[in-house]
file model-v1.csv (CSV, C-alpha atoms)
chain,number,residue,atom,x,y,z
A,63,MET,CA,-38.9,-7.9,19.2
A,64,GLY,CA,-36.2,-7.6,16.6
A,65,HIS,CA,-33.2,-5.3,16.6
A,66,SER,CA,-32.2,-3.1,13.6
A,67,VAL,CA,-28.5,-3.0,12.6
A,68,ALA,CA,-27.1,-0.2,10.5
A,69,VAL,CA,-25.4,-1.5,7.4
A,70,TRP,CA,-22.5,0.6,6.0
A,71,ASP,CA,-22.6,0.9,2.3
A,72,HIS,CA,-19.0,0.9,1.1
A,73,LYS,CA,-19.9,2.3,-2.3
A,74,ALA,CA,-21.5,5.4,-0.6
A,75,ALA,CA,-18.1,6.0,1.1
A,76,ILE,CA,-16.2,6.4,-2.2
A,77,GLU,CA,-15.6,9.7,-3.9
A,78,LEU,CA,-13.9,10.0,-7.3
A,79,THR,CA,-12.0,13.2,-7.7
A,80,LYS,CA,-9.0,14.8,-9.3
A,81,ASP,CA,-6.0,16.8,-7.9
A,82,GLY,CA,-4.8,20.1,-9.2
A,83,ASN,CA,-2.9,18.4,-12.0
A,84,GLY,CA,-5.9,16.5,-13.2
A,85,ILE,CA,-4.7,13.1,-11.8
A,86,GLU,CA,-7.6,11.0,-10.8
A,87,GLN,CA,-8.0,10.1,-7.1
A,88,VAL,CA,-10.2,8.0,-4.9
A,89,VAL,CA,-11.3,9.2,-1.4
A,90,LEU,CA,-12.5,6.6,1.1
A,91,ARG,CA,-14.4,7.6,4.3
A,92,ASN,CA,-15.7,5.5,7.1
A,93,PRO,CA,-18.8,6.3,9.2
A,94,HIS,CA,-16.7,8.0,12.0
A,95,GLY,CA,-14.9,10.4,9.7
A,96,ALA,CA,-11.6,8.6,9.0
A,97,SER,CA,-10.5,8.9,5.4
A,98,ALA,CA,-7.9,7.7,2.9
A,99,ARG,CA,-6.9,9.3,-0.4
A,100,ILE,CA,-5.5,7.1,-3.2
A,101,ASN,CA,-3.8,8.5,-6.3
A,102,LEU,CA,-4.5,6.3,-9.4
A,103,HIS,CA,-1.2,7.3,-10.8
A,104,GLY,CA,0.9,4.6,-9.1
A,105,GLY,CA,-2.0,3.2,-7.0
A,106,GLN,CA,-0.5,5.1,-4.1
A,107,VAL,CA,-2.2,6.0,-0.8
A,108,ILE,CA,-1.1,9.6,-0.3
A,109,SER,CA,-3.3,10.5,2.7
A,110,TRP,CA,-4.7,8.6,5.7
A,111,GLN,CA,-6.5,10.7,8.4
A,112,ASN,CA,-8.1,9.5,11.6
A,113,ASP,CA,-11.5,10.5,12.8
A,114,ARG,CA,-10.0,13.8,14.2
A,115,GLY,CA,-8.6,14.8,10.8
A,116,GLU,CA,-5.0,14.1,11.9
A,117,GLU,CA,-2.7,13.0,9.0
A,118,GLN,CA,-1.0,9.7,9.6
A,119,LEU,CA,1.2,9.6,6.5
A,120,PHE,CA,4.1,11.6,5.3
A,121,THR,CA,4.1,12.5,1.6
A,122,GLY,CA,6.7,14.7,-0.2
A,123,ARG,CA,5.5,17.7,-2.2
A,124,LYS,CA,6.5,15.9,-5.4
A,125,PHE,CA,6.5,12.2,-6.3
A,126,GLY,CA,10.0,11.1,-7.0
A,127,ASN,CA,10.9,9.4,-10.3
A,128,SER,CA,14.6,9.3,-9.9
A,129,CYS,CA,14.8,5.7,-8.7
A,130,SER,CA,15.7,3.0,-11.2
A,131,LEU,CA,13.1,0.5,-12.5
A,132,GLU,CA,15.1,-2.3,-10.9
A,133,GLN,CA,14.7,-0.7,-7.5
A,134,ASN,CA,11.1,0.5,-7.7
A,135,GLY,CA,9.5,-1.4,-10.6
A,136,PHE,CA,7.0,-0.1,-13.1
A,137,ALA,CA,3.8,-0.1,-11.1
A,138,LYS,CA,4.3,3.2,-9.4
A,139,ASN,CA,4.5,5.0,-12.8
A,140,LYS,CA,1.4,3.5,-14.3
A,141,ILE,CA,-2.3,4.6,-14.2
A,142,TRP,CA,-4.4,2.1,-12.2
A,143,THR,CA,-8.1,1.6,-12.9
A,144,VAL,CA,-10.9,1.1,-10.5
A,145,GLU,CA,-12.2,-2.5,-10.6
A,146,HIS,CA,-16.0,-2.5,-10.1
A,147,ASN,CA,-16.4,-6.4,-10.1
A,148,PRO,CA,-13.3,-7.6,-8.2
A,149,LEU,CA,-12.4,-11.3,-7.7
A,150,PRO,CA,-14.0,-12.6,-4.5
A,151,PHE,CA,-12.5,-11.8,-1.1
A,152,HIS,CA,-13.2,-13.6,2.2
A,153,PRO,CA,-16.4,-11.9,3.6
A,154,ASN,CA,-14.4,-10.7,6.7
A,155,ASP,CA,-12.2,-8.6,4.3
A,156,SER,CA,-15.3,-6.6,3.3
A,157,HIS,CA,-17.8,-6.6,6.2
A,158,GLY,CA,-18.3,-3.2,7.8
A,159,LYS,CA,-15.4,-1.6,5.8
A,160,SER,CA,-15.1,1.1,3.2
A,161,PHE,CA,-12.9,-0.2,0.4
A,162,ILE,CA,-11.9,0.2,-3.2
A,163,ASP,CA,-10.3,-2.3,-5.6
A,164,LEU,CA,-7.7,-1.2,-8.1
A,165,LEU,CA,-6.4,-3.1,-11.1
A,166,LEU,CA,-3.2,-2.8,-13.1
A,167,LYS,CA,-2.6,-4.7,-16.3
A,168,PRO,CA,0.9,-4.2,-17.8
A,169,ALA,CA,0.7,-2.7,-21.4
A,170,GLU,CA,2.6,-4.1,-24.4
A,171,GLU,CA,5.5,-1.6,-23.8
A,172,ASP,CA,6.0,-3.0,-20.3
A,173,LEU,CA,6.9,-6.4,-21.6
A,174,LYS,CA,10.4,-5.4,-22.4
A,175,TYR,CA,10.9,-4.6,-18.7
A,176,TRP,CA,8.6,-7.3,-17.2
A,177,PRO,CA,8.0,-10.2,-19.8
A,178,HIS,CA,5.3,-11.9,-17.8
A,179,GLY,CA,1.6,-12.1,-18.0
A,180,LEU,CA,-0.1,-10.9,-14.8
A,181,GLU,CA,-2.8,-8.8,-13.3
A,182,PHE,CA,-2.0,-6.8,-10.1
A,183,ARG,CA,-4.9,-6.1,-7.8
A,184,LEU,CA,-4.8,-3.8,-4.8
A,185,ARG,CA,-7.6,-3.4,-2.2
A,186,VAL,CA,-7.5,-0.4,0.0
A,187,SER,CA,-9.9,-0.6,2.9
A,188,LEU,CA,-10.8,1.5,6.0
A,189,ALA,CA,-12.3,-0.4,9.0
A,190,LEU,CA,-14.8,1.1,11.4
A,191,ASP,CA,-12.0,1.9,13.9
A,192,GLY,CA,-10.1,3.8,11.2
A,193,ASN,CA,-7.5,1.1,10.6
A,194,LEU,CA,-6.1,1.2,7.0
A,195,THR,CA,-5.4,-2.1,5.2
A,196,LEU,CA,-3.7,-2.7,1.8
A,197,THR,CA,-4.1,-6.1,0.3
A,198,SER,CA,-2.2,-7.0,-2.9
A,199,ARG,CA,-3.0,-9.9,-5.1
A,200,ILE,CA,-1.0,-11.1,-8.1
A,201,ARG,CA,-2.7,-13.2,-10.8
A,202,ASN,CA,-0.6,-15.2,-13.2
A,203,ILE,CA,-2.6,-15.2,-16.5
A,204,ASN,CA,-0.4,-17.2,-18.7
A,205,GLY,CA,0.7,-20.1,-16.4
A,206,LYS,CA,4.4,-19.5,-16.8
A,207,PRO,CA,6.1,-19.3,-13.3
A,208,PHE,CA,7.8,-16.0,-12.2
A,209,SER,CA,9.0,-14.4,-9.0
A,210,PHE,CA,8.1,-10.9,-7.9
A,211,ALA,CA,8.4,-8.4,-5.1
A,212,PHE,CA,6.3,-5.4,-4.3
A,213,ALA,CA,6.5,-2.5,-1.8
A,214,TYR,CA,3.9,0.0,-0.6
A,215,HIS,CA,6.5,2.8,0.0
A,216,THR,CA,4.5,4.3,2.8
A,217,TYR,CA,6.0,6.7,5.3
A,218,LEU,CA,4.4,7.4,8.7
A,219,SER,CA,4.1,11.1,9.7
A,220,VAL,CA,5.7,12.0,13.0
A,221,SER,CA,6.0,15.5,14.6
A,222,ASP,CA,9.7,15.1,15.7
A,223,ILE,CA,12.0,12.1,15.1
A,224,ARG,CA,13.7,12.8,18.4
A,225,ILE,CA,10.4,12.3,20.2
A,226,VAL,CA,9.8,9.0,18.3
A,227,ILE,CA,13.3,7.7,19.2
A,228,HIS,CA,12.8,8.7,22.9
A,229,SER,CA,9.5,6.9,22.8
A,230,GLU,CA,11.2,3.7,21.6
A,231,VAL,CA,8.9,3.2,18.6
A,232,ARG,CA,8.8,-0.4,17.6
A,233,ILE,CA,7.8,-2.3,14.4
A,234,GLU,CA,6.5,-5.8,15.4
A,235,GLY,CA,5.3,-8.8,13.4
A,236,LEU,CA,8.3,-9.2,11.1
A,237,GLU,CA,10.0,-12.0,12.9
A,238,THR,CA,10.8,-15.1,10.7
A,239,LEU,CA,10.3,-13.0,7.5
A,240,ASP,CA,13.0,-12.8,4.9
A,241,TYR,CA,14.5,-9.5,3.8
A,242,LEU,CA,17.1,-8.1,1.5
A,243,ASP,CA,19.7,-5.9,3.1
A,244,ASN,CA,20.8,-3.0,0.8
A,245,LEU,CA,23.8,-2.4,3.1
A,246,SER,CA,25.1,-5.9,2.5
A,247,GLN,CA,24.8,-6.1,-1.3
A,248,ARG,CA,21.1,-7.1,-1.0
A,249,ARG,CA,21.9,-10.4,0.7
A,250,ARG,CA,18.9,-12.3,2.0
A,251,PHE,CA,18.5,-12.5,5.8
A,252,THR,CA,15.8,-13.8,8.1
A,253,GLU,CA,14.5,-11.4,10.9
A,254,GLN,CA,15.2,-13.0,14.3
A,255,GLY,CA,14.0,-10.3,16.7
A,256,ASP,CA,10.5,-9.8,17.9
A,257,ALA,CA,10.6,-6.1,17.0
A,258,ILE,CA,12.7,-3.6,15.1
A,259,THR,CA,13.7,-0.5,17.2
A,260,PHE,CA,15.4,2.7,16.1
A,261,GLU,CA,18.4,4.6,17.6
A,262,SER,CA,18.6,7.3,15.0
A,263,GLU,CA,16.7,8.8,12.0
A,264,VAL,CA,16.3,6.1,9.3
A,265,TYR,CA,14.4,5.2,6.1
A,266,LEU,CA,13.0,1.8,6.4
A,267,HIS,CA,11.6,0.1,3.2
A,268,VAL,CA,9.7,-3.1,3.8
A,269,TYR,CA,9.3,-5.3,0.8
A,270,ASP,CA,7.5,-8.6,0.3
A,271,VAL,CA,10.3,-10.9,-1.1
A,272,SER,CA,8.3,-14.1,-1.3

call {"tool": "encode", "arguments": {"input": "model-v1.csv", "output": "structure tokens"}}
result
Amino acid sequence: MGHSVAVWDHKAAIELTKDGNGIEQVVLRNPHGASARINLHGGQVISWQNDRGEEQLFTGRKFGNSCSLEQNGFAKNKIWTVEHNPLPFHPNDSHGKSFIDLLLKPAEEDLKYWPHGLEFRLRVSLALDGNLTLTSRIRNINGKPFSFAFAYHTYLSVSDIRIVIHSEVRIEGLETLDYLDNLSQRRRFTEQGDAITFESEVYLHVYDVS
């Protein structure tokens, strides 16, 4: 006697919508009610709610545009498109998940800031347990080598920073990774500890500097 297994259709979990300013957005939902909202202006995840509807991210009322291009790049000010036929992922990156693939191709006017041929792909996925995963892929389309860095600029929402500090919140998994320290003229260091802890209110930006 066979057993039936429910198959989650990731396409049925995608809703295309617009915000009050007419900016296109994508809403992902998993079978248990967790959701994520992605703004196509900048390819930014602006909301991540668990299955109880509790917001996990902090987003300011306005997107800031005061940072320099050198600090934050051009991707956050561009309109991303939904890629309906993405390049293949490993099956485990898709199985049982709600996901959307976004694509950014720099326009001609971007070449004066970033004179390289590339395609930037971002997959945003929600697992059955509500975990949110962002996977970036950079494709060099002209064969000329270049270096790059990217940042998700995501802030976690907490009710009271004093509670977080007292609870000794930790960020793990960064050991052996290189980072640039803005307080030391952006010198490159390698993280040695098994976790980063906080003793006061801080802003922590984590970049991939590979």

call {"tool": "closest_residue", "arguments": {"input": "model-v1.csv", "among": "A:Phe182, A:Gln247, A:Leu236, A:Arg114", "to": "A:Thr259", "atoms": "all atoms listed in the file"}}
result
A:Leu236

call {"tool": "atom_distance", "arguments": {"input": "model-v1.csv", "atom1": "atom CA of A:Val89", "atom2": "atom CA of A:Ile200"}}
result
23.7 Å

call {"tool": "residues_near_point", "arguments": {"input": "model-v1.csv", "point": "(-10.5, -9.0, 6.8)", "cutoff": "12 Å", "atoms": "all atoms listed in the file", "output": "compact mmCIF listing (two decimals) with C-alpha atoms, in the coordinates of the input"}}
result
# COMPACT_ATOMS: atom_id res chain seq x y z
CA PHE A 151 -12.50 -11.80 -1.10
CA HIS A 152 -13.20 -13.60 2.20
CA PRO A 153 -16.40 -11.90 3.60
CA ASN A 154 -14.40 -10.70 6.70
CA ASP A 155 -12.20 -8.60 4.30
CA SER A 156 -15.30 -6.60 3.30
CA HIS A 157 -17.80 -6.60 6.20
CA GLY A 158 -18.30 -3.20 7.80
CA LYS A 159 -15.40 -1.60 5.80
CA SER A 160 -15.10 1.10 3.20
CA PHE A 161 -12.90 -0.20 0.40
CA ARG A 185 -7.60 -3.40 -2.20
CA VAL A 186 -7.50 -0.40 0.00
CA SER A 187 -9.90 -0.60 2.90
CA LEU A 188 -10.80 1.50 6.00
CA ALA A 189 -12.30 -0.40 9.00
CA LEU A 190 -14.80 1.10 11.40
CA ASN A 193 -7.50 1.10 10.60
CA LEU A 194 -6.10 1.20 7.00
CA THR A 195 -5.40 -2.10 5.20
CA LEU A 196 -3.70 -2.70 1.80
CA THR A 197 -4.10 -6.10 0.30

call {"tool": "closest_residue", "arguments": {"input": "model-v1.csv", "among": "A:His103, A:Pro148, A:Phe136, A:Tyr241", "to": "A:Lys174", "atoms": "all atoms listed in the file"}}
result
A:Phe136

call {"tool": "residues_near_point", "arguments": {"input": "model-v1.csv", "point": "(-16.0, 7.9, 6.3)", "cutoff": "10 Å", "atoms": "all atoms listed in the file", "output": "PyMOL selection string"}}
result
chain A and resi 70+72+74-76+89-98+112-113+159-160+188-190+192

call {"tool": "closest_residue", "arguments": {"input": "model-v1.csv", "among": "A:Glu116, A:Glu253, A:Glu237, A:Glu181", "to": "A:Thr143", "atoms": "all atoms listed in the file"}}
result
A:Glu181

call {"tool": "atom_distance", "arguments": {"input": "model-v1.csv", "atom1": "atom CA of A:Leu166", "atom2": "atom CA of A:Arg183"}}
result
6.5 Å

call {"tool": "atom_distance", "arguments": {"input": "model-v1.csv", "atom1": "atom CA of A:Thr79", "atom2": "atom CA of A:Ala169"}}
result
24.5 Å

call {"tool": "closest_residue", "arguments": {"input": "model-v1.csv", "among": "A:Gly104, A:Gly255, A:Pro150, A:Pro177", "to": "A:Pro207", "atoms": "all atoms listed in the file"}}
result
A:Pro177

call {"tool": "closest_residue", "arguments": {"input": "model-v1.csv", "among": "A:Leu78, A:Leu242, A:Ile108, A:Ala137", "to": "A:Ile162", "atoms": "all atoms listed in the file"}}
result
A:Leu78

call {"tool": "build_atoms", "arguments": {"input": "model-v1.csv", "residues": "stretch 203-214 of chain A", "atoms": "all heavy atoms", "output": "PDB file, in the coordinates of the input"}}
result
ATOM      1  N   ILE A 203      -1.546 -14.914 -15.445  1.00  0.00           N
ATOM      2  CA  ILE A 203      -2.600 -15.200 -16.500  1.00  0.00           C
ATOM      3  C   ILE A 203      -2.086 -15.993 -17.642  1.00  0.00           C
ATOM      4  O   ILE A 203      -2.869 -16.274 -18.555  1.00  0.00           O
ATOM      5  CB  ILE A 203      -3.165 -13.836 -16.979  1.00  0.00           C
ATOM      6  CG1 ILE A 203      -2.082 -12.971 -17.630  1.00  0.00           C
ATOM      7  CG2 ILE A 203      -3.869 -13.085 -15.856  1.00  0.00           C
ATOM      8  CD1 ILE A 203      -2.645 -11.704 -18.250  1.00  0.00           C
ATOM      9  N   ASN A 204      -0.806 -16.397 -17.645  1.00  0.00           N
ATOM     10  CA  ASN A 204      -0.400 -17.200 -18.700  1.00  0.00           C
ATOM     11  C   ASN A 204       0.236 -18.571 -18.280  1.00  0.00           C
ATOM     12  O   ASN A 204       0.655 -19.385 -19.109  1.00  0.00           O
ATOM     13  CB  ASN A 204       0.629 -16.504 -19.645  1.00  0.00           C
ATOM     14  CG  ASN A 204       1.942 -16.181 -18.946  1.00  0.00           C
ATOM     15  OD1 ASN A 204       2.226 -16.672 -17.861  1.00  0.00           O
ATOM     16  ND2 ASN A 204       2.746 -15.343 -19.588  1.00  0.00           N
ATOM     17  N   GLY A 205       0.263 -18.803 -16.964  1.00  0.00           N
ATOM     18  CA  GLY A 205       0.700 -20.100 -16.400  1.00  0.00           C
ATOM     19  C   GLY A 205       2.180 -20.306 -16.361  1.00  0.00           C
ATOM     20  O   GLY A 205       2.623 -21.325 -15.833  1.00  0.00           O
ATOM     21  N   LYS A 206       2.998 -19.355 -16.842  1.00  0.00           N
ATOM     22  CA  LYS A 206       4.400 -19.500 -16.800  1.00  0.00           C
ATOM     23  C   LYS A 206       4.924 -18.931 -15.421  1.00  0.00           C
ATOM     24  O   LYS A 206       4.582 -17.798 -15.076  1.00  0.00           O
ATOM     25  CB  LYS A 206       5.123 -18.768 -17.913  1.00  0.00           C
ATOM     26  CG  LYS A 206       4.765 -19.336 -19.287  1.00  0.00           C
ATOM     27  CD  LYS A 206       5.465 -18.570 -20.395  1.00  0.00           C
ATOM     28  CE  LYS A 206       5.103 -19.139 -21.759  1.00  0.00           C
ATOM     29  NZ  LYS A 206       5.760 -18.380 -22.866  1.00  0.00           N
ATOM     30  N   PRO A 207       5.704 -19.709 -14.663  1.00  0.00           N
ATOM     31  CA  PRO A 207       6.100 -19.300 -13.300  1.00  0.00           C
ATOM     32  C   PRO A 207       7.022 -18.035 -13.383  1.00  0.00           C
ATOM     33  O   PRO A 207       7.816 -17.878 -14.311  1.00  0.00           O
ATOM     34  CB  PRO A 207       6.825 -20.471 -12.733  1.00  0.00           C
ATOM     35  CG  PRO A 207       7.288 -21.253 -13.927  1.00  0.00           C
ATOM     36  CD  PRO A 207       6.244 -21.044 -14.983  1.00  0.00           C
ATOM     37  N   PHE A 208       6.906 -17.164 -12.394  1.00  0.00           N
ATOM     38  CA  PHE A 208       7.800 -16.000 -12.200  1.00  0.00           C
ATOM     39  C   PHE A 208       7.841 -15.622 -10.775  1.00  0.00           C
ATOM     40  O   PHE A 208       6.948 -15.964 -10.000  1.00  0.00           O
ATOM     41  CB  PHE A 208       7.370 -14.844 -13.118  1.00  0.00           C
ATOM     42  CG  PHE A 208       6.003 -14.288 -12.798  1.00  0.00           C
ATOM     43  CD1 PHE A 208       5.827 -13.355 -11.792  1.00  0.00           C
ATOM     44  CD2 PHE A 208       4.890 -14.701 -13.525  1.00  0.00           C
ATOM     45  CE1 PHE A 208       4.568 -12.845 -11.502  1.00  0.00           C
ATOM     46  CE2 PHE A 208       3.630 -14.197 -13.242  1.00  0.00           C
ATOM     47  CZ  PHE A 208       3.467 -13.264 -12.222  1.00  0.00           C
ATOM     48  N   SER A 209       8.878 -14.948 -10.393  1.00  0.00           N
ATOM     49  CA  SER A 209       9.000 -14.400  -9.000  1.00  0.00           C
ATOM     50  C   SER A 209       8.781 -12.913  -9.073  1.00  0.00           C
ATOM     51  O   SER A 209       8.971 -12.268 -10.110  1.00  0.00           O
ATOM     52  CB  SER A 209      10.370 -14.748  -8.437  1.00  0.00           C
ATOM     53  OG  SER A 209      11.397 -14.171  -9.228  1.00  0.00           O
ATOM     54  N   PHE A 210       8.366 -12.344  -7.957  1.00  0.00           N
ATOM     55  CA  PHE A 210       8.100 -10.900  -7.900  1.00  0.00           C
ATOM     56  C   PHE A 210       8.285 -10.385  -6.513  1.00  0.00           C
ATOM     57  O   PHE A 210       8.369 -11.140  -5.535  1.00  0.00           O
ATOM     58  CB  PHE A 210       6.641 -10.641  -8.365  1.00  0.00           C
ATOM     59  CG  PHE A 210       5.593 -11.241  -7.466  1.00  0.00           C
ATOM     60  CD1 PHE A 210       5.092 -10.530  -6.376  1.00  0.00           C
ATOM     61  CD2 PHE A 210       5.113 -12.525  -7.701  1.00  0.00           C
ATOM     62  CE1 PHE A 210       4.141 -11.091  -5.548  1.00  0.00           C
ATOM     63  CE2 PHE A 210       4.159 -13.091  -6.867  1.00  0.00           C
ATOM     64  CZ  PHE A 210       3.668 -12.374  -5.788  1.00  0.00           C
ATOM     65  N   ALA A 211       8.370  -9.082  -6.414  1.00  0.00           N
ATOM     66  CA  ALA A 211       8.400  -8.400  -5.100  1.00  0.00           C
ATOM     67  C   ALA A 211       7.640  -7.100  -5.286  1.00  0.00           C
ATOM     68  O   ALA A 211       7.562  -6.532  -6.370  1.00  0.00           O
ATOM     69  CB  ALA A 211       9.854  -8.099  -4.709  1.00  0.00           C
ATOM     70  N   PHE A 212       7.027  -6.639  -4.205  1.00  0.00           N
ATOM     71  CA  PHE A 212       6.300  -5.400  -4.300  1.00  0.00           C
ATOM     72  C   PHE A 212       6.523  -4.627  -2.929  1.00  0.00           C
ATOM     73  O   PHE A 212       6.823  -5.234  -1.897  1.00  0.00           O
ATOM     74  CB  PHE A 212       4.853  -5.509  -4.578  1.00  0.00           C
ATOM     75  CG  PHE A 212       4.072  -6.361  -3.629  1.00  0.00           C
ATOM     76  CD1 PHE A 212       3.594  -5.850  -2.439  1.00  0.00           C
ATOM     77  CD2 PHE A 212       3.796  -7.687  -3.938  1.00  0.00           C
ATOM     78  CE1 PHE A 212       2.866  -6.634  -1.564  1.00  0.00           C
ATOM     79  CE2 PHE A 212       3.060  -8.485  -3.070  1.00  0.00           C
ATOM     80  CZ  PHE A 212       2.602  -7.957  -1.880  1.00  0.00           C
ATOM     81  N   ALA A 213       6.381  -3.300  -2.967  1.00  0.00           N
ATOM     82  CA  ALA A 213       6.500  -2.500  -1.800  1.00  0.00           C
ATOM     83  C   ALA A 213       5.488  -1.374  -1.811  1.00  0.00           C
ATOM     84  O   ALA A 213       5.185  -0.829  -2.877  1.00  0.00           O
ATOM     85  CB  ALA A 213       7.930  -1.860  -1.714  1.00  0.00           C
ATOM     86  N   TYR A 214       4.937  -1.036  -0.655  1.00  0.00           N
ATOM     87  CA  TYR A 214       3.900   0.000  -0.600  1.00  0.00           C
ATOM     88  C   TYR A 214       4.536   1.405  -0.489  1.00  0.00           C
ATOM     89  O   TYR A 214       3.892   2.395  -0.781  1.00  0.00           O
ATOM     90  CB  TYR A 214       2.992  -0.222   0.606  1.00  0.00           C
ATOM     91  CG  TYR A 214       2.140  -1.450   0.469  1.00  0.00           C
ATOM     92  CD1 TYR A 214       2.005  -2.356   1.524  1.00  0.00           C
ATOM     93  CD2 TYR A 214       1.464  -1.733  -0.709  1.00  0.00           C
ATOM     94  CE1 TYR A 214       1.219  -3.498   1.410  1.00  0.00           C
ATOM     95  CE2 TYR A 214       0.676  -2.867  -0.833  1.00  0.00           C
ATOM     96  CZ  TYR A 214       0.559  -3.746   0.218  1.00  0.00           C
ATOM     97  OH  TYR A 214      -0.214  -4.867   0.094  1.00  0.00           O
TER      98      TYR A 214
END
